$ cat query.tsv   # TSV, C-alpha atoms
chain	number	residue	atom	x	y	z
A	1	MET	CA	0.00	0.00	0.00
A	2	ARG	CA	1.27	3.47	-0.85
A	3	ASN	CA	1.34	6.15	1.80
A	4	LYS	CA	-1.63	8.50	1.54
A	5	PRO	CA	-1.51	12.31	1.61
A	6	ALA	CA	-2.94	12.70	5.11
A	7	ASP	CA	-0.66	10.13	6.76
A	8	ILE	CA	1.12	11.35	9.87
A	9	HIS	CA	4.52	9.64	9.84
A	10	TYR	CA	5.33	7.73	13.03
A	11	CYS	CA	1.78	8.44	14.21
A	12	GLY	CA	1.30	7.69	17.90
A	13	VAL	CA	4.91	6.62	18.56
A	14	ASP	CA	8.18	8.24	19.65
A	15	GLU	CA	10.14	8.73	16.43
A	16	GLN	CA	13.31	9.93	18.11
A	17	LYS	CA	13.36	7.01	20.52
A	18	ILE	CA	12.84	4.58	17.66
A	19	LEU	CA	15.66	6.07	15.61
A	20	THR	CA	18.17	6.03	18.48
A	21	ALA	CA	17.16	2.85	20.36
A	22	LYS	CA	19.62	-0.02	20.74
A	23	PRO	CA	17.49	-2.95	21.88
A	24	LYS	CA	18.75	-6.44	22.60
A	25	LEU	CA	17.25	-9.21	20.49
A	26	ASN	CA	16.89	-12.92	21.24
A	27	GLU	CA	19.03	-14.54	18.55
A	28	GLU	CA	17.14	-17.83	18.41
A	29	ASN	CA	13.76	-16.15	18.14
A	30	LEU	CA	15.03	-13.71	15.52
A	31	ARG	CA	15.84	-16.76	13.43
A	32	HIS	CA	12.33	-18.11	14.06
A	33	LEU	CA	10.91	-14.77	12.89
A	34	TYR	CA	13.02	-14.93	9.72
A	35	ASN	CA	11.91	-18.50	9.05
A	36	PHE	CA	8.25	-17.71	9.63
A	37	ILE	CA	8.21	-14.66	7.35
A	38	THR	CA	10.12	-16.24	4.47
A	39	ARG	CA	8.52	-19.68	4.63
A	40	ARG	CA	4.96	-18.47	5.16
A	41	TYR	CA	5.21	-16.00	2.29
A	42	LYS	CA	6.61	-18.66	-0.03
A	43	ILE	CA	3.55	-20.79	0.79
A	44	HIS	CA	1.37	-17.90	-0.40
A	45	LEU	CA	3.38	-17.63	-3.64
A	46	ARG	CA	3.28	-21.35	-4.38
A	47	LYS	CA	-0.35	-21.87	-3.37
A	48	ASP	CA	-2.16	-18.65	-4.31
A	49	VAL	CA	-0.01	-17.14	-7.07
A	50	LEU	CA	1.59	-20.07	-8.89
A	51	LYS	CA	-1.29	-22.47	-8.10
A	52	LYS	CA	1.10	-25.33	-7.43
A	53	PRO	CA	-0.10	-28.58	-5.85
A	54	GLN	CA	0.68	-29.48	-2.25
A	55	PRO	CA	2.93	-29.59	-0.36
A	56	TRP	CA	3.90	-25.91	-0.43
A	57	THR	CA	6.57	-26.10	2.30
A	58	LYS	CA	8.91	-28.47	4.07
A	59	ASP	CA	8.43	-26.70	7.39
A	60	PRO	CA	6.65	-29.32	9.55
A	61	VAL	CA	4.94	-26.68	11.72
A	62	LEU	CA	3.53	-24.74	8.77
A	63	LEU	CA	2.46	-28.04	7.20
A	64	GLU	CA	0.47	-29.11	10.25
A	65	PHE	CA	-0.93	-25.91	11.73
A	66	ARG	CA	-2.84	-22.93	10.40
A	67	PHE	CA	-1.15	-19.52	10.43
A	68	THR	CA	-2.34	-16.28	8.89
A	69	ASN	CA	-0.54	-14.83	5.89
A	70	VAL	CA	2.35	-12.41	6.26
A	71	ARG	CA	0.24	-9.84	4.44
A	72	ARG	CA	-3.22	-9.43	5.92
A	73	GLU	CA	-4.82	-8.64	2.54
A	74	HIS	CA	-4.00	-12.19	1.39
A	75	ASP	CA	-6.20	-13.79	4.05
A	76	ARG	CA	-9.57	-15.13	2.95
A	77	GLU	CA	-11.84	-12.83	4.94
A	78	THR	CA	-9.92	-9.68	4.07
A	79	LYS	CA	-9.94	-10.60	0.38
A	80	TRP	CA	-13.73	-10.86	0.57
A	81	LEU	CA	-13.93	-7.46	2.28
A	82	ILE	CA	-11.75	-5.81	-0.38
A	83	GLN	CA	-13.68	-7.33	-3.27
A	84	HIS	CA	-17.21	-6.71	-1.99
A	85	ILE	CA	-16.91	-3.61	0.19
A	86	THR	CA	-13.81	-1.44	0.04
A	87	SER	CA	-13.40	-1.67	-3.76
A	88	ASN	CA	-17.11	-1.76	-4.57
A	89	PRO	CA	-17.87	1.03	-7.08
A	90	ASN	CA	-21.58	0.86	-6.26
A	91	LEU	CA	-21.10	1.93	-2.63
A	92	SER	CA	-20.80	5.45	-1.33
A	93	TYR	CA	-17.75	6.30	0.75
A	94	GLU	CA	-19.95	6.57	3.85
A	95	ASP	CA	-21.42	3.11	3.26
A	96	LYS	CA	-17.97	1.61	2.74
A	97	LEU	CA	-16.91	2.92	6.14
A	98	ILE	CA	-19.88	1.59	8.08
A	99	ASN	CA	-19.87	-1.73	6.20
A	100	CYS	CA	-16.24	-2.22	7.23
A	101	ILE	CA	-17.37	-2.03	10.85
A	102	LEU	CA	-20.25	-4.44	10.31
A	103	PHE	CA	-18.09	-6.92	8.42
A	104	ARG	CA	-15.43	-7.09	11.12
A	105	LEU	CA	-18.00	-7.57	13.89
A	106	PHE	CA	-18.88	-10.93	12.31
A	107	ASN	CA	-15.54	-11.46	10.52
A	108	LYS	CA	-17.12	-14.24	8.51
A	109	HIS	CA	-17.97	-13.78	4.85
A	110	GLU	CA	-20.63	-16.50	4.93
A	111	THR	CA	-22.57	-14.40	7.45
A	112	SER	CA	-22.00	-11.27	5.38
A	113	GLU	CA	-23.43	-13.05	2.36
A	114	LEU	CA	-26.38	-14.23	4.45
A	115	ILE	CA	-27.38	-10.63	5.24
A	116	ASN	CA	-26.66	-9.51	1.68
A	117	GLN	CA	-23.79	-7.29	2.67
A	118	PRO	CA	-22.81	-4.67	1.68
A	119	ILE	CA	-25.81	-2.81	3.03
A	120	LYS	CA	-26.67	0.63	1.69
A	121	PHE	CA	-27.30	2.51	4.89
A	122	ASN	CA	-28.31	5.65	3.06
A	123	ARG	CA	-31.66	3.97	2.58
A	124	LYS	CA	-34.00	3.32	5.49
A	125	TYR	CA	-32.22	0.78	7.67
A	126	ASP	CA	-34.35	-1.64	9.70
A	127	PRO	CA	-32.51	-4.20	11.88
A	128	GLU	CA	-35.64	-6.33	12.14
A	129	ALA	CA	-35.42	-7.05	8.42
A	130	TYR	CA	-32.58	-9.46	9.20
A	131	ARG	CA	-34.16	-11.51	11.97
A	132	ALA	CA	-35.82	-13.99	9.61
A	133	LEU	CA	-32.52	-14.57	7.80
A	134	PHE	CA	-30.73	-15.47	11.03
A	135	GLU	CA	-33.55	-17.68	12.24
A	136	ALA	CA	-33.79	-19.51	8.92
A	137	ARG	CA	-30.04	-20.16	8.95
A	138	GLU	CA	-30.28	-21.62	12.45
A	139	VAL	CA	-33.08	-23.95	11.35
A	140	GLU	CA	-31.13	-25.00	8.28
A	141	ASP	CA	-27.93	-25.63	10.24
A	142	PRO	CA	-28.28	-25.56	14.06
A	143	LYS	CA	-24.49	-25.85	14.41
A	144	TYR	CA	-23.73	-22.81	12.27
A	145	ILE	CA	-21.71	-20.12	14.10
A	146	PHE	CA	-22.30	-16.59	12.87
A	147	PHE	CA	-19.01	-15.20	14.21
A	148	THR	CA	-15.35	-16.18	14.26
A	149	GLY	CA	-13.68	-16.44	17.64
A	150	ALA	CA	-10.93	-13.99	16.69
A	151	PHE	CA	-13.21	-10.97	17.00
A	152	ILE	CA	-16.34	-11.66	19.04
A	153	THR	CA	-15.67	-11.76	22.77
A	154	GLY	CA	-17.61	-11.83	26.01
A	155	GLY	CA	-16.97	-8.11	26.39
A	156	MET	CA	-18.48	-7.40	23.00
A	157	LYS	CA	-21.49	-9.54	23.83
A	158	ARG	CA	-22.13	-7.57	27.02
A	159	ALA	CA	-21.55	-4.26	25.27
A	160	LEU	CA	-24.00	-5.02	22.49
A	161	LYS	CA	-26.60	-5.76	25.15
A	162	TRP	CA	-25.95	-2.30	26.65
A	163	TYR	CA	-26.88	-0.64	23.35
A	164	LEU	CA	-30.32	-2.24	23.59
A	165	LYS	CA	-31.11	0.16	26.48
A	166	GLY	CA	-32.90	-2.49	28.52
A	167	ALA	CA	-34.79	-4.13	25.66
A	168	GLU	CA	-34.68	-7.90	25.52
A	169	GLU	CA	-32.72	-9.48	22.67
A	170	ASP	CA	-31.31	-12.97	23.06
A	171	ASN	CA	-30.33	-13.31	19.40
A	172	MET	CA	-26.65	-12.32	19.27
A	173	PRO	CA	-26.53	-11.55	15.52
A	174	MET	CA	-29.57	-9.31	15.99
A	175	ARG	CA	-27.70	-7.41	18.71
A	176	VAL	CA	-25.05	-6.64	16.10
A	177	MET	CA	-27.62	-5.36	13.63
A	178	LYS	CA	-29.19	-3.15	16.30
A	179	PHE	CA	-25.73	-1.88	17.25
A	180	MET	CA	-25.34	-0.83	13.61
A	181	GLN	CA	-28.54	1.19	13.97
A	182	TYR	CA	-26.97	2.96	16.93
A	183	LEU	CA	-23.80	3.71	14.93
A	184	TRP	CA	-25.80	4.98	11.95
A	185	ASP	CA	-27.90	7.24	14.16
A	186	ASP	CA	-24.68	8.47	15.78
A	187	ASN	CA	-23.31	9.49	12.36
A	188	ILE	CA	-20.29	7.21	12.66
A	189	SER	CA	-19.26	7.73	9.02
A	190	GLY	CA	-19.37	11.50	9.41
A	191	LYS	CA	-17.29	11.33	12.57
A	192	ILE	CA	-14.68	9.16	10.86
A	193	LYS	CA	-14.49	11.60	7.95
A	194	ALA	CA	-13.83	14.44	10.41
A	195	CYS	CA	-10.79	12.72	11.96
A	196	MET	CA	-7.49	14.48	11.35
A	197	THR	CA	-5.05	11.61	12.04
A	198	GLN	CA	-4.87	7.84	12.00
A	199	GLU	CA	-4.89	7.81	15.77
A	200	ASP	CA	-8.05	9.92	15.80
A	201	VAL	CA	-9.90	7.25	13.81
A	202	TYR	CA	-8.61	4.51	16.09
A	203	ASN	CA	-9.58	6.38	19.25
A	204	LEU	CA	-13.02	7.16	17.84
A	205	LEU	CA	-13.71	3.49	17.15
A	206	ARG	CA	-12.37	2.23	20.47
A	207	GLY	CA	-14.48	4.86	22.22
A	208	TYR	CA	-17.60	2.78	21.47
A	209	LEU	CA	-18.31	0.35	24.27
A	210	GLY	CA	-17.38	-3.14	23.15
A	211	ILE	CA	-14.95	-2.14	20.39
A	212	GLY	CA	-11.67	-2.73	22.17
A	213	ASP	CA	-8.15	-1.80	21.13
A	214	PHE	CA	-7.58	-4.86	18.95
A	215	LEU	CA	-10.89	-4.65	17.11
A	216	ALA	CA	-10.61	-0.89	16.59
A	217	TYR	CA	-7.23	-1.31	14.94
A	218	GLN	CA	-8.50	-4.08	12.67
A	219	MET	CA	-11.41	-1.87	11.59
A	220	PHE	CA	-9.03	1.03	10.95
A	221	VAL	CA	-6.87	-1.17	8.73
A	222	ASP	CA	-9.93	-2.36	6.82
A	223	MET	CA	-10.76	1.26	6.05
A	224	THR	CA	-7.28	1.90	4.64
A	225	TYR	CA	-8.22	-0.34	1.70
A	226	ILE	CA	-10.83	2.26	0.68
A	227	GLU	CA	-9.38	4.57	-1.97
A	228	GLU	CA	-11.11	7.64	-0.53
A	229	PHE	CA	-9.91	6.97	3.02
A	230	PRO	CA	-7.14	9.52	3.66
A	231	PHE	CA	-4.82	7.26	5.66
A	232	SER	CA	-2.76	4.16	4.86
A	233	GLU	CA	-1.81	1.22	7.08
A	234	ASN	CA	1.87	2.19	6.88
A	235	GLU	CA	2.35	4.79	9.58
A	236	PHE	CA	0.14	3.74	12.49
A	237	THR	CA	-0.22	0.56	14.49
A	238	ALA	CA	-1.68	-0.75	17.73
A	239	ALA	CA	-0.13	-3.91	19.15
A	240	GLY	CA	-2.76	-6.45	20.16
A	241	PRO	CA	-2.25	-9.11	22.86
A	242	GLY	CA	-0.87	-11.71	20.46
A	243	CYS	CA	1.48	-9.19	18.88
A	244	LYS	CA	2.80	-8.19	22.30
A	245	ASN	CA	3.52	-11.84	23.06
A	246	GLY	CA	5.52	-12.11	19.86
A	247	LEU	CA	7.46	-8.92	20.54
A	248	ASN	CA	8.31	-10.20	24.02
A	249	GLU	CA	9.78	-13.30	22.39
A	250	LEU	CA	12.04	-11.22	20.13
A	251	PHE	CA	13.10	-8.36	22.41
A	252	GLU	CA	15.13	-9.23	25.46
A	253	ASP	CA	15.54	-5.50	26.13
A	254	LYS	CA	13.36	-2.93	24.36
A	255	ASP	CA	15.58	-0.01	25.44
A	256	GLY	CA	12.58	1.92	26.71
A	257	MET	CA	10.43	1.51	23.60
A	258	SER	CA	6.70	0.80	23.73
A	259	TYR	CA	5.31	-2.17	21.84
A	260	GLU	CA	4.23	0.13	19.02
A	261	ASP	CA	7.68	1.75	18.98
A	262	CYS	CA	9.15	-1.73	18.63
A	263	LEU	CA	7.08	-2.46	15.52
A	264	PHE	CA	8.41	0.68	13.86
A	265	TRP	CA	11.96	-0.22	14.96
A	266	VAL	CA	11.60	-3.65	13.39
A	267	ARG	CA	10.21	-2.08	10.21
A	268	ASN	CA	13.27	0.16	9.98
A	269	ASN	CA	15.89	-2.43	10.90
A	270	ILE	CA	14.71	-5.96	10.19
A	271	GLY	CA	16.43	-6.30	6.82
A	272	LYS	CA	19.76	-5.11	8.22
A	273	GLU	CA	19.45	-7.50	11.17
A	274	PHE	CA	18.81	-10.47	8.87
A	275	LEU	CA	21.67	-9.59	6.52
A	276	LYS	CA	24.05	-8.91	9.42
A	277	ARG	CA	23.70	-12.58	10.37
A	278	GLY	CA	24.33	-13.80	6.85
A	279	TRP	CA	20.73	-14.79	6.14
A	280	LYS	CA	19.40	-14.40	2.64
A	281	TRP	CA	17.00	-11.45	2.58
A	282	ASP	CA	15.76	-10.13	-0.74
A	283	PRO	CA	12.35	-8.48	-0.31
A	284	GLU	CA	12.23	-7.63	-4.03
A	285	LYS	CA	12.29	-11.34	-4.79
A	286	LEU	CA	10.29	-12.61	-1.81
A	287	PHE	CA	7.42	-10.17	-2.32
A	288	CYS	CA	7.58	-10.44	-6.11
A	289	ASP	CA	3.80	-10.64	-6.54
A	290	LEU	CA	3.36	-7.17	-5.01
A	291	PRO	CA	3.86	-3.82	-6.74
A	292	GLU	CA	7.44	-2.56	-6.49
A	293	TYR	CA	6.53	0.16	-3.98
A	294	ASP	CA	5.00	-2.47	-1.67
A	295	ARG	CA	7.80	-5.03	-1.49
A	296	CYS	CA	8.57	-4.48	2.15
A	297	LEU	CA	7.36	-5.22	5.65
A	298	ASN	CA	5.20	-2.37	6.90
A	299	VAL	CA	3.99	-2.03	10.48
A	300	MET	CA	0.67	-3.71	9.67
A	301	SER	CA	2.27	-6.82	8.19
A	302	LEU	CA	4.67	-6.95	11.12
A	303	GLU	CA	1.81	-6.67	13.60
A	304	ASN	CA	0.30	-9.63	11.75
A	305	CYS	CA	3.54	-11.64	11.89
A	306	PHE	CA	4.19	-11.01	15.57
A	307	CYS	CA	0.66	-12.21	16.36
A	308	GLU	CA	1.73	-15.56	14.89
A	309	LEU	CA	5.35	-15.64	16.08
A	310	SER	CA	4.81	-16.86	19.64
A	311	LYS	CA	2.54	-19.66	18.37
A	312	TYR	CA	5.14	-20.62	15.79
A	313	ILE	CA	7.95	-20.64	18.36
A	314	ARG	CA	5.97	-22.83	20.76
A	315	ALA	CA	5.29	-25.35	18.02
A	316	VAL	CA	8.88	-25.36	16.74
A	317	THR	CA	10.36	-25.78	20.22
A	318	GLY	CA	7.74	-28.28	21.36
A	319	THR	CA	6.56	-26.09	24.24
A	320	GLY	CA	3.01	-25.74	22.95
A	321	ARG	CA	0.66	-26.34	20.05
A	322	PRO	CA	-1.45	-23.88	18.03
A	323	ARG	CA	-5.17	-24.46	18.41
A	324	LYS	CA	-5.99	-24.72	14.69
A	325	LYS	CA	-4.64	-27.42	12.41
A	326	TYR	CA	-4.25	-26.63	8.73
A	327	VAL	CA	-7.01	-28.17	6.62
A	328	PRO	CA	-6.30	-27.43	2.94
A	329	THR	CA	-9.88	-27.93	1.74
A	330	LYS	CA	-11.06	-25.14	4.12
A	331	GLU	CA	-8.28	-22.66	3.33
$ encode --input "query.tsv" --output "structure tokens"
Amino acid sequence: MRNKPADIHYCGVDEQKILTAKPKLNEENLRHLYNFITRRYKIHLRKDVLKKPQPWTKDPVLLEFRFTNVRREHDRETKWLIQHITSNPNLSYEDKLINCILFRLFNKHETSELINQPIKFNRKYDPEAYRALFEAREVEDPKYIFFTGAFITGGMKRALKWYLKGAEEDNMPMRVMKFMQYLWDDNISGKIKACMTQEDVYNLLRGYLGIGDFLAYQMFVDMTYIEEFPFSENEFTAAGPGCKNGLNELFEDKDGMSYEDCLFWVRNNIGKEFLKRGWKWDPEKLFCDLPEYDRCLNVMSLENCFCELSKYIRAVTGTGRPRKKYVPTKE
């Protein structure tokens, strides 16, 4: 992704500290990071770009367990979002923004298709219009889960109940649709458009009860795929819990940097650190399917990688196992 005109460079972090910091890295885990990035991206190239048959790697951990892509936009749900919402020429800018929020609340394209998303909120929006769709799906498949576990949490469930203002609603998907009514009435798209920095958008989103730090950042990144959105994913990040775990594995001493500072430090220095140790690092070749300006690791892709790093390390060292096994037919 190219930087956008309104981007604030080093937004929300201490640029001077990042540029002068001398952290201490864990050598073994730096190697694990290198292996994960290079091997996971080569899987994407062989599987998604070259359409080669399995196996796509010799790494036993990546063969057995499921890990997200190095680049978030290569993951299945984000590809659906880009195709149907953020790049949809039939949607207004305002509807793209609010549909990004709705999509990430479910984070499951099958549910989005069920409710015929994207929704044009500039028409009269009635949450009750979706109740029959949810109920019919439950009758058709009682085991169907409308959400993915990565985004819906107990806190969100309680928060969505708060927006009902005392009204009874046991149907969780319907709570989401009624929450969208609240956001529409609150002019969420207009408020996002009025934000002056990346951090402003993030803080606006996380200011809504139930949209925590992690979810707010994911929604912000979704919006960066919209051409009209004035900010890119390149100059702002918010480290989620998984990312922090990964950063703790790599940094033995952060030299006073915050987790977000560390992501920018890695962005600035990772290639030099790999090459210093004699490891082959050629981003032009590794990221060959991307435009020339995008053949790099930005802070969003690094946030993604560090979310996976601690799981990868546990599996490689035999100290733990990721929860999800890789099932090719469901990829």
$ closest_residue --input "query.tsv" --among "A:Leu275, A:Ala239, A:Met196, A:Met174" --to "Leu263 of chain A" --atoms "all atoms listed in the file"
A:Ala239
$ residues_around --input "query.tsv" --residues "Arg175 of chain A" --least-positions-apart "2" --cutoff "9 Å" --atoms "all atoms listed in the file" --output "list in words"
Pro127, Lys157, Leu160, Lys161, Tyr163, Leu164, Glu169, Asp170, Asn171, Met172, Pro173, Met177, Lys178, Phe179 and Met180 of chain A
$ write_last_selection --input "query.tsv" --atoms "C-alpha atoms" --output "mmCIF file, in the frame of the given file"
data_model
loop_
_atom_site.group_PDB
_atom_site.id
_atom_site.type_symbol
_atom_site.label_atom_id
_atom_site.label_comp_id
_atom_site.auth_asym_id
_atom_site.auth_seq_id
_atom_site.Cartn_x
_atom_site.Cartn_y
_atom_site.Cartn_z
ATOM 1 C CA PRO A 127 -32.510 -4.200 11.880
ATOM 2 C CA LYS A 157 -21.490 -9.540 23.830
ATOM 3 C CA LEU A 160 -24.000 -5.020 22.490
ATOM 4 C CA LYS A 161 -26.600 -5.760 25.150
ATOM 5 C CA TYR A 163 -26.880 -0.640 23.350
ATOM 6 C CA LEU A 164 -30.320 -2.240 23.590
ATOM 7 C CA GLU A 169 -32.720 -9.480 22.670
ATOM 8 C CA ASP A 170 -31.310 -12.970 23.060
ATOM 9 C CA ASN A 171 -30.330 -13.310 19.400
ATOM 10 C CA MET A 172 -26.650 -12.320 19.270
ATOM 11 C CA PRO A 173 -26.530 -11.550 15.520
ATOM 12 C CA MET A 177 -27.620 -5.360 13.630
ATOM 13 C CA LYS A 178 -29.190 -3.150 16.300
ATOM 14 C CA PHE A 179 -25.730 -1.880 17.250
ATOM 15 C CA MET A 180 -25.340 -0.830 13.610
#
$ closest_residue --input "query.tsv" --among "A:Asn234, A:Asn116, A:Asn298, A:Asn268" --to "Glu15 of chain A" --atoms "all atoms listed in the file"
A:Asn268
$ closest_residue --input "query.tsv" --among "A:Gly256, A:Leu45, A:Lys120, A:Leu133" --to "Gln16 of chain A" --atoms "all atoms listed in the file"
A:Gly256
$ closest_residue --input "query.tsv" --among "A:Tyr130, A:Tyr125, A:Tyr202, A:Phe236" --to "Phe220 of chain A" --atoms "all atoms listed in the file"
A:Tyr202
$ residues_around --input "query.tsv" --residues "Arg39 of chain A" --least-positions-apart "5" --cutoff "10 Å" --atoms "only C-alpha atoms" --output "compact mmCIF listing (two decimals) with C-alpha atoms, in the coordinates of the input"
# COMPACT_ATOMS: atom_id res chain seq x y z
CA LEU A 33 10.91 -14.77 12.89
CA TYR A 34 13.02 -14.93 9.72
CA HIS A 44 1.37 -17.90 -0.40
CA LEU A 45 3.38 -17.63 -3.64
CA TRP A 56 3.90 -25.91 -0.43
CA THR A 57 6.57 -26.10 2.30
CA LYS A 58 8.91 -28.47 4.07
CA ASP A 59 8.43 -26.70 7.39
CA LEU A 62 3.53 -24.74 8.77
CA VAL A 70 2.35 -12.41 6.26
CA LEU A 286 10.29 -12.61 -1.81
$ atom_distance --input "query.tsv" --atom1 "atom CA of Ile98 of chain A" --atom2 "atom CA of Ile188 of chain A"
7.3 Å
$ closest_residue --input "query.tsv" --among "A:Gly318, A:Asp222, A:Tyr208, A:Ala129" --to "Glu77 of chain A" --atoms "all atoms listed in the file"
A:Asp222
$ atom_distance --input "query.tsv" --atom1 "atom CA of Glu233 of chain A" --atom2 "atom CA of Ala216 of chain A"
13.1 Å
$ atom_distance --input "query.tsv" --atom1 "atom CA of Tyr41 of chain A" --atom2 "atom CA of Lys280 of chain A"
14.3 Å
$ decode --input "query.tsv" --residues "segment 251-262 of chain A" --atoms "N, CA, C and O atoms" --output "PDB file, in the first residue's frame"
ATOM      1  N   PHE A 251      12.324  -9.383  21.706  1.00  0.00           N
ATOM      2  CA  PHE A 251      13.098  -8.360  22.409  1.00  0.00           C
ATOM      3  C   PHE A 251      13.436  -8.809  23.828  1.00  0.00           C
ATOM      4  O   PHE A 251      12.544  -8.967  24.663  1.00  0.00           O
ATOM      5  N   GLU A 252      14.703  -8.979  24.090  1.00  0.00           N
ATOM      6  CA  GLU A 252      15.131  -9.231  25.464  1.00  0.00           C
ATOM      7  C   GLU A 252      15.222  -7.921  26.238  1.00  0.00           C
ATOM      8  O   GLU A 252      15.047  -7.893  27.449  1.00  0.00           O
ATOM      9  N   ASP A 253      15.494  -6.846  25.538  1.00  0.00           N
ATOM     10  CA  ASP A 253      15.541  -5.501  26.131  1.00  0.00           C
ATOM     11  C   ASP A 253      15.055  -4.520  25.075  1.00  0.00           C
ATOM     12  O   ASP A 253      15.678  -4.382  24.010  1.00  0.00           O
ATOM     13  N   LYS A 254      13.951  -3.844  25.339  1.00  0.00           N
ATOM     14  CA  LYS A 254      13.359  -2.927  24.358  1.00  0.00           C
ATOM     15  C   LYS A 254      13.998  -1.538  24.403  1.00  0.00           C
ATOM     16  O   LYS A 254      13.618  -0.671  23.624  1.00  0.00           O
ATOM     17  N   ASP A 255      14.911  -1.299  25.300  1.00  0.00           N
ATOM     18  CA  ASP A 255      15.582  -0.008  25.443  1.00  0.00           C
ATOM     19  C   ASP A 255      14.567   1.131  25.595  1.00  0.00           C
ATOM     20  O   ASP A 255      14.713   2.201  25.001  1.00  0.00           O
ATOM     21  N   GLY A 256      13.545   0.885  26.391  1.00  0.00           N
ATOM     22  CA  GLY A 256      12.575   1.921  26.710  1.00  0.00           C
ATOM     23  C   GLY A 256      11.481   2.122  25.685  1.00  0.00           C
ATOM     24  O   GLY A 256      10.623   2.999  25.861  1.00  0.00           O
ATOM     25  N   MET A 257      11.460   1.343  24.635  1.00  0.00           N
ATOM     26  CA  MET A 257      10.433   1.513  23.605  1.00  0.00           C
ATOM     27  C   MET A 257       9.117   0.846  24.005  1.00  0.00           C
ATOM     28  O   MET A 257       9.117  -0.189  24.671  1.00  0.00           O
ATOM     29  N   SER A 258       8.010   1.431  23.578  1.00  0.00           N
ATOM     30  CA  SER A 258       6.704   0.801  23.730  1.00  0.00           C
ATOM     31  C   SER A 258       6.582  -0.323  22.707  1.00  0.00           C
ATOM     32  O   SER A 258       7.421  -0.468  21.807  1.00  0.00           O
ATOM     33  N   TYR A 259       5.520  -1.107  22.811  1.00  0.00           N
ATOM     34  CA  TYR A 259       5.314  -2.173  21.838  1.00  0.00           C
ATOM     35  C   TYR A 259       5.150  -1.593  20.434  1.00  0.00           C
ATOM     36  O   TYR A 259       5.686  -2.136  19.461  1.00  0.00           O
ATOM     37  N   GLU A 260       4.421  -0.487  20.328  1.00  0.00           N
ATOM     38  CA  GLU A 260       4.232   0.130  19.016  1.00  0.00           C
ATOM     39  C   GLU A 260       5.550   0.694  18.490  1.00  0.00           C
ATOM     40  O   GLU A 260       5.853   0.583  17.294  1.00  0.00           O
ATOM     41  N   ASP A 261       6.343   1.294  19.383  1.00  0.00           N
ATOM     42  CA  ASP A 261       7.678   1.753  18.984  1.00  0.00           C
ATOM     43  C   ASP A 261       8.482   0.589  18.406  1.00  0.00           C
ATOM     44  O   ASP A 261       9.180   0.729  17.397  1.00  0.00           O
ATOM     45  N   CYS A 262       8.388  -0.560  19.064  1.00  0.00           N
ATOM     46  CA  CYS A 262       9.152  -1.734  18.629  1.00  0.00           C
ATOM     47  C   CYS A 262       8.780  -2.159  17.211  1.00  0.00           C
ATOM     48  O   CYS A 262       9.645  -2.563  16.420  1.00  0.00           O
TER      49      CYS A 262
END
